[in-house]
Each structure stands twice: as C-alpha cells, then as structure tokens.
Amino acid sequence: MRFVTILILVLSQLFISNCQSQESKDTAKVTTKIKIADEILNDSILKEKNDEINLLFMGDIMGHDLQIESAYNPKTKNYDFSTEFEHIVPLVKDVDAAVGNLEVTLAGPPYKGYPQFSSPDQLAIDIKNAGIKYLGTANNHINDRGLTGFNRTMDVLDSLGFVHTGTFRNQEDKS
C-alpha cells in the first residue's frame with residue numbers, strides 16, 4: 001500500500017508539473033539562459049567548426065586538507081596545484097571546451113578542506129592554466145564560508161576570466 005501511495009504521489013507531481021501552458025514553457029526557455037552554453041557557442045574558436053563540438057565535463061575539483069597541504073611550498077610560502085591537473089591537460093587540449101565542477105570556495109584563509117572548504121586562489125589559477133575556462137559552482141559547498149566566502153569566490157573567478165554558472169549574486173548575473 002505504501003508503494004502505491006508513493007507511486008501515485010510521484011505520478012501526480014509529474015502530471016501537475018507538465019500542465020504548464022506551452023506559452024509559459026516557451027517564455028521560461030527564452031528568459032532562462034545557460035551562461036556556459038551561450039559562451040561555448042559564441043566562442044570564436046567554435047565558430048570555425050560547423051559539424052561538431054567536442055566537450056569535456058569533469059567533476060568535483062576539490063581542496064581537501066591533504067591536497068592543500070601537499071600544494072604548499074614552505075620555502076616559497078606559495079601554493080602550486082598544477083600537479084593535480086597534469087594528467088588532464090592533454091585531454092583538455094583535445095576538446096573545444098572543458099567544463100569543471102568547482103566544489104570549493106575561494107574564501108581566503110584559513111584554508112581548510114572538509115567540512116567547510118576554502119582553497120587558496122592558486123587553485124583557480126592552476127585550473128585556468130590547465131585549460132579549463134568554464135566552471136559550475138552549484139553544489140553543496142558553495143556556501144561553506146557564508147555570503148562573504150561566496151562573493152569572494154565569484155570575485156576570484158571573475159578576475160581570472162572564468163565563465164561560471166550555477167550560482168549568481170543577483171538576477172542580473174543570472175542572465
């Protein structure tokens with residue numbers, strides 16, 4: 001009986017969600033832009049290609065404590081995450097666009113992994129140097145350091161020229 005009840009609820013929700021008029025569906029399509037898709041399709045390199053676009057999607061770019069510690073050079077007092085990406089650089093070079101999921105904040109020190117991630121800005125620099133210029137930020141860690149950490153993450157990504165989507169400061173950034 002419980003299964004039947006759940007099934008009825010799920011089917012009802014599917015029915016109700018599809019009862020939207022075609023006009024409102026079309027309006028939603030027009031007003032909702034996917035920033036990364038727009039940027040990829042407008043990229044000058046891709047305008048030269050007519051038949052196909054090769055995309056690479058990669059998940060969860062993380063900054064756990066051990067990764068942060070191993071990237072730190074006590075002599076130079078700098079971080080270097082480039083070795084984290086050395087095996088994917090050849091893959092990125094073979095595609096038209098590489099999209100990664102940034103699963104940390106760039107909230108500034110103190111740098112920490114789980115459960116409240118904040119990685120050094122150098123992580124983003126090394127992501128960029130690996131050839132990744134599109135990032136998704138909609139995940140369960142984007143608010144690990146609150147609104148200040150979120151805004152700083154957006155500032156760092158913007159300053160490095162990343163195209164990012166998934167989280168937005170305001171409605172204007174969303175379009």
# chains A, B, ... in the order shown; residues from 1 in each chain; ligands from 1

call {"tool": "residues_around", "arguments": {"residues": "Gln122 of chain A", "least_positions_apart": "3", "cutoff": "8 Å", "atoms": "only C-alpha atoms", "output": "PDB file with C-alpha atoms, in the first residue's frame"}}
result
ATOM      1  CA  TYR A  79      50.765  27.054  -3.323  1.00  0.00           C
ATOM      2  CA  ASP A  80      51.061  25.043  -6.533  1.00  0.00           C
ATOM      3  CA  PHE A  81      48.177  22.802  -7.581  1.00  0.00           C
ATOM      4  CA  ILE A 125      44.836  29.924 -11.304  1.00  0.00           C
ATOM      5  CA  ASP A 126      46.068  26.372 -11.874  1.00  0.00           C
TER       6      ASP A 126
END

call {"tool": "residues_around", "arguments": {"residues": "Ala130 of chain A", "least_positions_apart": "6", "cutoff": "12 Å", "atoms": "only C-alpha atoms", "output": "PyMOL selection string"}}
result
chain A and resi 81-93+97-100+123-124

call {"tool": "atom_distance", "arguments": {"atom1": "atom CA of Val156 of chain A", "atom2": "atom CA of Gly63 of chain A"}}
result
15.8 Å

call {"tool": "atom_distance", "arguments": {"atom1": "atom CA of Tyr111 of chain A", "atom2": "atom CA of Asn140 of chain A"}}
result
17.7 Å

call {"tool": "select_by_dssp", "arguments": {"residues": "segment 48-170 of chain A", "states": "strand (DSSP E or B)", "output": "MDAnalysis selection string"}}
result
chainID A and resid 55:61 72:73 78:79 97:102 112 118 134:136 163:165

call {"tool": "atom_distance", "arguments": {"atom1": "atom CA of Met58 of chain A", "atom2": "atom CA of His141 of chain A"}}
result
16.7 Å

call {"tool": "closest_residue", "arguments": {"among": "A:Ile68, A:Leu102, A:Ile127, A:Ile132", "to": "Thr167 of chain A", "atoms": "only C-alpha atoms"}}
result
A:Leu102

call {"tool": "residues_around", "arguments": {"residues": "Val104 of chain A", "least_positions_apart": "4", "cutoff": "10 Å", "atoms": "only C-alpha atoms", "output": "ChimeraX atom specification"}}
result
/A:60-64,112-114,116-120,123,137,139-145,149-150,153
